[in-house]
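Raw contents of work-v1.cif, mmCIF, C-alpha atoms and all ligand atoms:
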data_target
#
loop_
_atom_site.group_PDB
_atom_site.id
_atom_site.type_symbol
_atom_site.label_atom_id
_atom_site.label_comp_id
_atom_site.auth_asym_id
_atom_site.auth_seq_id
_atom_site.Cartn_x
_atom_site.Cartn_y
_atom_site.Cartn_z
ATOM 1 C CA MET O 1 0.000 0.000 0.000
ATOM 2 C CA ARG O 2 1.324 3.434 -0.917
ATOM 3 C CA PRO O 3 2.100 5.736 2.034
ATOM 4 C CA ILE O 4 -0.622 8.266 1.136
ATOM 5 C CA PHE O 5 -3.374 5.583 1.300
ATOM 6 C CA PHE O 6 -1.923 4.171 4.495
ATOM 7 C CA PHE O 7 -2.088 7.651 6.022
ATOM 8 C CA LEU O 8 -5.724 8.073 5.016
ATOM 9 C CA PHE O 9 -6.745 4.757 6.540
ATOM 10 C CA VAL O 10 -4.997 5.133 9.878
ATOM 11 C CA ASN O 11 -6.434 8.612 10.307
ATOM 12 C CA ARG O 12 -10.058 7.618 9.764
ATOM 13 C CA LYS O 13 -11.770 8.062 13.095
ATOM 14 C CA PRO O 14 -15.220 6.508 13.504
ATOM 15 C CA SER O 15 -17.825 9.183 13.994
ATOM 16 C CA SER O 16 -21.574 8.752 14.156
ATOM 17 C CA ARG O 17 -21.977 11.680 11.720
ATOM 18 C CA ALA O 18 -19.821 9.927 9.155
ATOM 19 C CA LEU O 19 -21.750 6.645 9.295
ATOM 20 C CA PRO O 20 -23.238 5.490 6.010
ATOM 21 C CA ALA O 21 -26.937 4.616 5.825
ATOM 22 C CA PRO O 22 -27.817 1.534 7.932
ATOM 23 C CA SER O 23 -28.589 -0.624 4.916
ATOM 24 C CA THR O 24 -25.096 -0.203 3.459
ATOM 25 C CA TYR O 25 -23.102 0.165 6.628
ATOM 26 C CA TYR O 26 -22.300 -3.451 7.264
ATOM 27 C CA LYS O 27 -20.708 -3.826 3.848
ATOM 28 C CA THR O 28 -18.045 -1.189 4.505
ATOM 29 C CA ARG O 29 -14.466 -2.049 5.391
ATOM 30 C CA ARG O 30 -13.023 -0.446 8.469
ATOM 31 C CA PHE O 31 -9.449 -0.114 9.650
ATOM 32 C CA THR O 32 -7.668 0.194 12.954
ATOM 33 C CA THR O 33 -4.067 0.481 14.033
ATOM 34 C CA VAL O 34 -2.057 -1.937 16.141
ATOM 35 C CA ASN O 35 1.555 -1.012 16.841
ATOM 36 C CA ASN O 36 1.167 1.766 14.250
ATOM 37 C CA ARG O 37 0.195 -0.676 11.492
ATOM 38 C CA ALA O 38 -3.155 -0.611 9.762
ATOM 39 C CA HIS O 39 -5.311 -3.738 10.008
ATOM 40 C CA ARG O 40 -8.678 -4.465 8.526
ATOM 41 C CA PHE O 41 -11.098 -5.951 11.014
ATOM 42 C CA ALA O 42 -14.668 -7.134 10.987
ATOM 43 C CA PRO O 43 -16.823 -4.751 13.006
ATOM 44 C CA THR O 44 -18.661 -6.225 15.952
ATOM 45 C CA ALA O 45 -22.403 -5.596 16.086
ATOM 46 C CA ALA O 46 -21.989 -2.933 18.760
ATOM 47 C CA MET O 47 -19.323 -1.045 16.832
ATOM 48 C CA ALA O 48 -21.100 -1.295 13.502
ATOM 49 C CA MET O 49 -24.578 -0.265 14.550
ATOM 50 C CA PRO O 50 -25.612 3.318 13.973
ATOM 51 C CA THR O 51 -27.598 4.267 17.051
ATOM 52 C CA TRP O 52 -31.382 4.101 16.933
ATOM 53 C CA ASN O 53 -31.467 7.852 17.478
ATOM 54 C CA ASP O 54 -29.353 8.248 14.306
ATOM 55 C CA ARG O 55 -31.708 6.026 12.364
ATOM 56 C CA TYR O 56 -34.799 7.856 13.528
ATOM 57 C CA SER O 57 -33.308 11.317 13.003
ATOM 58 C CA SER O 58 -35.056 12.056 9.695
ATOM 59 C CA SER O 59 -38.635 13.292 9.723
ATOM 60 C CA ASP O 60 -39.758 10.167 7.804
ATOM 61 C CA TYR O 61 -41.137 7.197 9.687
ATOM 62 C CA ILE O 62 -38.563 4.591 8.697
ATOM 63 C CA TYR O 63 -40.876 1.653 9.541
ATOM 64 C CA GLY O 64 -43.908 3.485 8.227
ATOM 65 C CA THR O 65 -46.997 4.600 10.096
ATOM 66 C CA GLN O 66 -49.104 1.520 9.364
ATOM 67 C CA PRO O 67 -49.043 -1.333 11.895
ATOM 68 C CA ASN O 68 -47.044 -4.493 11.483
ATOM 69 C CA GLU O 69 -49.026 -6.984 9.392
ATOM 70 C CA PHE O 70 -48.976 -9.835 11.945
ATOM 71 C CA LEU O 71 -50.004 -7.517 14.788
ATOM 72 C CA GLU O 72 -52.849 -6.137 12.684
ATOM 73 C CA TYR O 73 -54.092 -9.650 11.939
ATOM 74 C CA ILE O 74 -54.013 -10.653 15.618
ATOM 75 C CA SER O 75 -55.579 -7.404 16.811
ATOM 76 C CA ASN O 76 -58.553 -7.875 14.483
ATOM 77 C CA ASP O 77 -59.329 -11.345 15.833
ATOM 78 C CA PRO O 78 -61.532 -11.200 18.961
ATOM 79 C CA ARG O 79 -60.110 -14.516 20.218
ATOM 80 C CA TYR O 80 -56.879 -12.776 21.122
ATOM 81 C CA LEU O 81 -57.475 -9.270 22.494
ATOM 82 C CA HIS O 82 -60.518 -8.396 24.553
ATOM 83 C CA PRO O 83 -61.779 -4.779 24.479
ATOM 84 C CA SER O 84 -59.761 -2.226 26.464
ATOM 85 C CA SER O 85 -56.824 -4.573 26.963
ATOM 86 C CA LYS O 86 -53.771 -3.370 28.833
ATOM 87 C CA ILE O 87 -50.865 -3.795 26.433
ATOM 88 C CA LEU O 88 -47.106 -3.324 26.711
ATOM 89 C CA SER O 89 -45.224 -2.843 23.432
ATOM 90 C CA ILE O 90 -41.453 -3.278 23.748
ATOM 91 C CA GLY O 91 -39.012 -1.733 21.275
ATOM 92 C CA GLU O 92 -41.948 0.372 20.083
ATOM 93 C CA GLY O 93 -39.801 2.634 17.889
ATOM 94 C CA GLU O 94 -41.707 5.415 16.156
ATOM 95 C CA GLY O 95 -45.131 4.409 17.430
ATOM 96 C CA ARG O 96 -46.928 2.751 14.516
ATOM 97 C CA ASN O 97 -47.983 -0.341 16.492
ATOM 98 C CA ALA O 98 -48.950 1.456 19.715
ATOM 99 C CA VAL O 99 -51.026 3.992 17.769
ATOM 100 C CA HIS O 100 -52.831 1.183 15.939
ATOM 101 C CA LEU O 101 -53.679 -0.541 19.240
ATOM 102 C CA GLY O 102 -54.642 2.766 20.865
ATOM 103 C CA LYS O 103 -57.038 3.507 18.012
ATOM 104 C CA LEU O 104 -58.715 0.160 18.711
ATOM 105 C CA GLY O 105 -59.408 1.365 22.271
ATOM 106 C CA HIS O 106 -56.682 -0.544 24.107
ATOM 107 C CA PHE O 107 -54.566 1.019 26.862
ATOM 108 C CA VAL O 108 -51.022 0.882 25.603
ATOM 109 C CA THR O 109 -47.591 1.499 27.051
ATOM 110 C CA GLY O 110 -44.890 1.819 24.389
ATOM 111 C CA VAL O 111 -41.296 1.512 25.574
ATOM 112 C CA ASP O 112 -38.161 2.196 23.594
ATOM 113 C CA ALA O 113 -34.575 3.169 24.368
ATOM 114 C CA SER O 114 -34.579 5.766 21.595
ATOM 115 C CA SER O 115 -35.704 9.208 22.755
ATOM 116 C CA VAL O 116 -35.945 10.313 19.115
ATOM 117 C CA GLY O 117 -38.173 7.347 18.254
ATOM 118 C CA ILE O 118 -40.448 7.992 21.225
ATOM 119 C CA GLU O 119 -40.689 11.690 20.373
ATOM 120 C CA LYS O 120 -41.901 10.719 16.888
ATOM 121 C CA ALA O 121 -44.277 8.164 18.413
ATOM 122 C CA ARG O 122 -45.838 10.836 20.626
ATOM 123 C CA LYS O 123 -46.255 13.057 17.567
ATOM 124 C CA LEU O 124 -47.922 10.232 15.636
ATOM 125 C CA ALA O 125 -50.350 9.623 18.513
ATOM 126 C CA VAL O 126 -51.295 13.320 18.592
ATOM 127 C CA GLU O 127 -51.820 13.315 14.817
ATOM 128 C CA HIS O 128 -54.221 10.396 15.219
ATOM 129 C CA GLY O 129 -55.972 11.932 18.221
ATOM 130 C CA VAL O 130 -55.077 8.945 20.407
ATOM 131 C CA THR O 131 -54.697 9.703 24.105
ATOM 132 C CA ASN O 132 -54.753 6.235 25.675
ATOM 133 C CA ILE O 133 -51.033 5.560 25.156
ATOM 134 C CA ASP O 134 -48.115 6.105 27.538
ATOM 135 C CA PHE O 135 -44.747 6.327 25.854
ATOM 136 C CA GLU O 136 -41.620 5.746 27.909
ATOM 137 C CA VAL O 137 -37.947 6.105 27.039
ATOM 138 C CA ALA O 138 -36.239 3.194 28.780
ATOM 139 C CA ASP O 139 -33.680 0.501 28.142
ATOM 140 C CA LEU O 140 -35.257 -2.930 28.489
ATOM 141 C CA SER O 141 -32.283 -4.091 30.540
ATOM 142 C CA GLN O 142 -33.435 -1.688 33.283
ATOM 143 C CA TYR O 143 -37.183 -1.706 32.706
ATOM 144 C CA ASP O 144 -39.610 -2.818 35.387
ATOM 145 C CA PHE O 145 -42.104 -5.043 33.544
ATOM 146 C CA GLY O 146 -44.209 -5.622 36.671
ATOM 147 C CA THR O 147 -45.924 -8.844 37.703
ATOM 148 C CA GLU O 148 -49.156 -10.203 36.172
ATOM 149 C CA LYS O 149 -49.865 -6.691 34.935
ATOM 150 C CA TRP O 150 -50.482 -6.952 31.177
ATOM 151 C CA ASP O 151 -53.183 -8.575 29.026
ATOM 152 C CA ALA O 152 -50.729 -8.587 26.147
ATOM 153 C CA VAL O 153 -47.105 -7.877 25.362
ATOM 154 C CA VAL O 154 -46.115 -6.924 21.813
ATOM 155 C CA SER O 155 -42.607 -7.479 20.449
ATOM 156 C CA ILE O 156 -42.294 -6.581 16.777
ATOM 157 C CA PHE O 157 -38.796 -6.820 15.322
ATOM 158 C CA CYS O 158 -37.391 -6.069 18.775
ATOM 159 C CA HIS O 159 -34.087 -7.870 18.299
ATOM 160 C CA LEU O 160 -31.896 -8.094 21.386
ATOM 161 C CA PRO O 161 -28.555 -9.699 22.208
ATOM 162 C CA PRO O 162 -29.033 -13.254 23.566
ATOM 163 C CA GLN O 163 -28.393 -12.572 27.236
ATOM 164 C CA LEU O 164 -30.763 -9.602 27.368
ATOM 165 C CA ARG O 165 -33.298 -11.444 25.217
ATOM 166 C CA ARG O 166 -33.478 -14.301 27.745
ATOM 167 C CA GLN O 167 -33.790 -11.837 30.619
ATOM 168 C CA VAL O 168 -36.544 -9.893 28.836
ATOM 169 C CA TYR O 169 -38.508 -13.004 27.832
ATOM 170 C CA LYS O 170 -38.490 -14.271 31.398
ATOM 171 C CA GLN O 171 -39.769 -10.890 32.548
ATOM 172 C CA ILE O 172 -42.492 -10.954 29.868
ATOM 173 C CA VAL O 173 -43.792 -14.296 31.098
ATOM 174 C CA ASP O 174 -43.834 -13.015 34.691
ATOM 175 C CA ALA O 175 -45.450 -9.734 33.638
ATOM 176 C CA LEU O 176 -48.347 -11.250 31.697
ATOM 177 C CA LYS O 177 -51.603 -11.907 33.488
ATOM 178 C CA PRO O 178 -52.592 -15.574 33.482
ATOM 179 C CA GLY O 179 -54.215 -16.111 30.068
ATOM 180 C CA GLY O 180 -52.389 -13.044 28.696
ATOM 181 C CA ILE O 181 -50.745 -13.180 25.301
ATOM 182 C CA LEU O 182 -47.413 -12.410 23.648
ATOM 183 C CA ILE O 183 -47.582 -11.173 20.049
ATOM 184 C CA LEU O 184 -44.122 -11.489 18.489
ATOM 185 C CA GLU O 185 -42.631 -11.225 15.065
ATOM 186 C CA ALA O 186 -38.883 -11.306 14.433
ATOM 187 C CA TYR O 187 -36.427 -12.162 11.702
ATOM 188 C CA THR O 188 -34.852 -15.609 11.733
ATOM 189 C CA PRO O 189 -31.121 -16.208 11.051
ATOM 190 C CA LYS O 190 -32.091 -17.131 7.457
ATOM 191 C CA GLN O 191 -32.898 -13.445 6.978
ATOM 192 C CA LEU O 192 -29.149 -12.848 6.637
ATOM 193 C CA GLU O 193 -29.440 -14.416 3.151
ATOM 194 C CA TYR O 194 -32.403 -12.191 2.193
ATOM 195 C CA LYS O 195 -30.689 -8.900 3.106
ATOM 196 C CA THR O 196 -33.966 -6.978 3.312
ATOM 197 C CA GLY O 197 -33.640 -5.675 6.874
ATOM 198 C CA GLY O 198 -32.842 -6.713 10.416
ATOM 199 C CA PRO O 199 -29.690 -6.987 12.487
ATOM 200 C CA PRO O 200 -26.439 -8.083 10.855
ATOM 201 C CA VAL O 201 -25.746 -11.044 13.152
ATOM 202 C CA ALA O 202 -27.539 -14.373 13.591
ATOM 203 C CA GLU O 203 -27.350 -14.320 17.382
ATOM 204 C CA MET O 204 -29.781 -11.395 17.491
ATOM 205 C CA MET O 205 -32.328 -13.228 15.324
ATOM 206 C CA CYS O 206 -34.993 -15.616 16.636
ATOM 207 C CA THR O 207 -36.011 -19.150 15.735
ATOM 208 C CA LEU O 208 -39.180 -20.973 16.687
ATOM 209 C CA ASP O 209 -37.235 -23.596 18.657
ATOM 210 C CA GLY O 210 -35.237 -20.878 20.402
ATOM 211 C CA LEU O 211 -38.401 -18.996 21.336
ATOM 212 C CA ARG O 212 -40.012 -22.206 22.649
ATOM 213 C CA ASP O 213 -36.943 -22.716 24.792
ATOM 214 C CA GLU O 214 -36.631 -19.101 25.987
ATOM 215 C CA LEU O 215 -40.351 -18.455 26.508
ATOM 216 C CA GLY O 216 -41.603 -21.941 27.360
ATOM 217 C CA LEU O 217 -40.010 -21.810 30.787
ATOM 218 C CA GLY O 218 -41.191 -25.157 32.046
ATOM 219 C CA GLY O 219 -44.572 -24.979 30.345
ATOM 220 C CA TRP O 220 -45.707 -21.520 31.453
ATOM 221 C CA MET O 221 -46.462 -20.432 27.919
ATOM 222 C CA GLU O 222 -48.186 -22.240 25.055
ATOM 223 C CA PHE O 223 -47.902 -21.195 21.427
ATOM 224 C CA GLU O 224 -51.316 -20.952 19.720
ATOM 225 C CA ILE O 225 -49.520 -19.702 16.626
ATOM 226 C CA GLY O 226 -45.870 -20.497 16.042
ATOM 227 C CA GLU O 227 -44.329 -20.585 12.602
ATOM 228 C CA GLU O 228 -41.263 -19.655 10.653
ATOM 229 C CA LYS O 229 -42.041 -18.447 7.177
ATOM 230 C CA GLU O 230 -41.045 -16.418 4.170
ATOM 231 C CA ARG O 231 -43.154 -13.326 3.668
ATOM 232 C CA SER O 232 -42.989 -10.034 1.868
ATOM 233 C CA VAL O 233 -42.353 -7.398 4.527
ATOM 234 C CA VAL O 234 -43.145 -3.923 3.262
ATOM 235 C CA GLU O 235 -43.015 -1.887 6.453
ATOM 236 C CA GLY O 236 -41.090 1.314 5.848
ATOM 237 C CA THR O 237 -37.807 1.809 4.048
ATOM 238 C CA LEU O 238 -35.601 -0.363 6.296
ATOM 239 C CA HIS O 239 -37.883 -3.418 6.180
ATOM 240 C CA THR O 240 -38.730 -3.880 2.545
ATOM 241 C CA GLY O 241 -38.741 -7.048 0.505
ATOM 242 C CA LEU O 242 -38.999 -10.776 0.779
ATOM 243 C CA ALA O 243 -37.954 -11.792 4.277
ATOM 244 C CA HIS O 244 -37.716 -14.776 6.617
ATOM 245 C CA VAL O 245 -39.586 -14.315 9.883
ATOM 246 C CA VAL O 246 -40.897 -16.153 12.897
ATOM 247 C CA GLN O 247 -44.363 -15.309 14.209
ATOM 248 C CA VAL O 248 -45.629 -16.315 17.631
ATOM 249 C CA LEU O 249 -48.876 -15.943 19.494
ATOM 250 C CA GLY O 250 -48.034 -17.285 22.938
ATOM 251 C CA ARG O 251 -50.521 -17.550 25.761
ATOM 252 C CA LYS O 252 -49.545 -17.691 29.415
ATOM 253 C CA LYS O 253 -51.321 -20.598 31.020
ATOM 254 C CA PRO O 254 -53.937 -19.706 33.614
ATOM 255 C CA HIS O 255 -52.907 -20.696 37.173
HETATM 256 C C1 LIG O 301 -36.336 -2.695 14.284
HETATM 257 S S1 LIG O 301 -36.895 -1.486 15.411
HETATM 258 C C2 LIG O 301 -38.603 -1.942 15.496
HETATM 259 C C3 LIG O 301 -39.482 -0.806 15.947
HETATM 260 C C4 LIG O 301 -40.958 -1.149 16.054
HETATM 261 N N1 LIG O 301 -41.202 -2.302 16.894
HETATM 262 C C5 LIG O 301 -41.562 -1.359 14.700
HETATM 263 O O1 LIG O 301 -41.796 -2.508 14.330
HETATM 264 O O2 LIG O 301 -41.807 -0.372 14.013
HETATM 265 C C6 LIG O 301 -36.249 -2.081 16.978
HETATM 266 C C7 LIG O 301 -36.492 -1.153 18.124
HETATM 267 O O3 LIG O 301 -36.046 -1.757 19.323
HETATM 268 C C8 LIG O 301 -35.476 -0.762 20.145
HETATM 269 N N2 LIG O 301 -34.534 -1.389 21.090
HETATM 270 C C9 LIG O 301 -33.463 -2.154 20.795
HETATM 271 N N3 LIG O 301 -32.828 -2.525 21.914
HETATM 272 C C10 LIG O 301 -33.520 -1.968 22.946
HETATM 273 C C11 LIG O 301 -33.357 -1.988 24.359
HETATM 274 N N4 LIG O 301 -32.348 -2.670 24.937
HETATM 275 N N5 LIG O 301 -34.244 -1.315 25.120
HETATM 276 C C12 LIG O 301 -35.268 -0.637 24.546
HETATM 277 N N6 LIG O 301 -35.470 -0.579 23.204
HETATM 278 C C13 LIG O 301 -34.608 -1.246 22.418
HETATM 279 C C14 LIG O 301 -34.795 0.189 19.198
HETATM 280 O O4 LIG O 301 -34.579 1.471 19.767
HETATM 281 C C15 LIG O 301 -35.768 0.180 18.020
HETATM 282 O O5 LIG O 301 -36.697 1.228 18.119
#

Would you give me this structure, written as structure tokens?
Amino acid sequence: MRPIFFFLFVNRKPSSRALPAPSTYYKTRRFTTVNNRAHRFAPTAAMAMPTWNDRYSSSDYIYGTQPNEFLEYISNDPRYLHPSSKILSIGEGEGRNAVHLGKLGHFVTGVDASSVGIEKARKLAVEHGVTNIDFEVADLSQYDFGTEKWDAVVSIFCHLPPQLRRQVYKQIVDALKPGGILILEAYTPKQLEYKTGGPPVAEMMCTLDGLRDELGLGGWMEFEIGEEKERSVVEGTLHTGLAHVVQVLGRKKPH
């Protein structure tokens, strides 16, 4: 490598302003220095991820303003949600799912770590004249889910690292009322081949077997719907195209 190129590489400092768009970011090469020599290295998920506040910083709703398709299907079926249900939506993002549930008359709490996302969610709720939603900025690793508090918990594309995912799923099972439901859709590891959205690493994806293991917890939850499938996901600009997902409707067994 010629000295001028070497100089350019070793002087590139990562900066959130300089990050490319999320969809292209993971394809970029990055360099670091060890003993004053430049080395290429594969970014870890934490280093590579633009923050959620970065992603949500444009005025557009990057996952759209319409609800997730699976959530919409479940919410329109009276077997699953009774009127005025108390619902917790985790990783709520910019508010599309909470606003949909609020418009149906449910009492919703939407939680997300991104203050920018939650600000947009509040704006969306005002635009739709929905007042029965609480939005909270909180990291799920610190969040108090409560005990037997919710009729339903919603987790739509809320991809978490494995250790936190296990912790959160245990808290969800504890936090649901007996007979309460979990509505979940997530990308599977196969989604890495589709390249139409989702995290860049398999460990943050979900499989049906993995969810049975992490949510089953000795038989506390039964899956009334549980399938992995290919579907066209057209939900904003970051989730667009043929994708591989897992969908779960889990019900906490009554005592
Ligand atoms: C792919 S987005 C999905 C947003 C929304 N559920 C939707 O479908 O439109 C994932 C969301 O999870 C949130 N998230 C990720 N890790 C989180 C954590 N540890 N605590 C709270 N929110 C988190 C992000 O801020 C982001 O808004």

Could you work out an axis-aligned bounding box for all listed atoms of ligand LIG 301 (chain O), with 6 Å added on each of the six sides, and give its centre and edge lengths in Å to one decimal, as lines of an AutoDock Vina configuration file?
center_x = -37.1
center_y = -0.6
center_z = 19.6
size_x = 21.5
size_y = 16.2
size_z = 23.1

Taking all atoms listed in the file into account, report as number ranges by chain which residues have an atom no farther than 7 Å from an atom of ligand LIG 301 (chain O).
-> O: 52, 63, 68, 90-97, 111-114, 117, 138-141, 155-160, 198

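Counting all atoms listed in the file, O:Ser85 has the following residues at most 10 Å away, ignoring those fewer than 6 positions along the same chain: O:Leu101, O:Gly102, O:Leu104, O:Gly105, O:His106, O:Phe107, O:Val108, O:Trp150, O:Asp151, O:Ala152, O:Gly180.
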
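Note that the spacing between atom CA of O:Val137 and atom CA of O:Thr109 amounts to 10.7 Å.
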
Can you give me, as an MDAnalysis selection string, the residues this file yields under the PyMOL selection byres (((chain O and resi 237-245) around 9) and not hetatm)?
-> chainID O and resid 22:23 61:64 185:198 206:207 227:236 246:247

For the point (-56.2, -9.6, 13.8) in file coordinates, what residues are within 12 Å, counting all atoms listed in the file? Give the answer as a count of residues only?
-> 21

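Residues within 9 Å of O:Glu224, counting only C-alpha atoms and excluding same-chain residues fewer than 4 positions away, are O:Val248, O:Leu249, O:Gly250, O:Arg251.
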
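We find atom CA of O:Arg55 and atom CA of O:Thr131 to be spaced 26.1 Å apart.
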
One-decimal distance in Å that lies between atom CA of O:Lys149 and atom CA of O:Tyr169 | 14.8 Å

Within 10 Å of file point (-41.6, -18.1, 23.6), counting all atoms listed in the file, expressed as a PyMOL selection string | chain O and resi 166+169-170+172-173+182-184+206-217+220-223+226+248-252
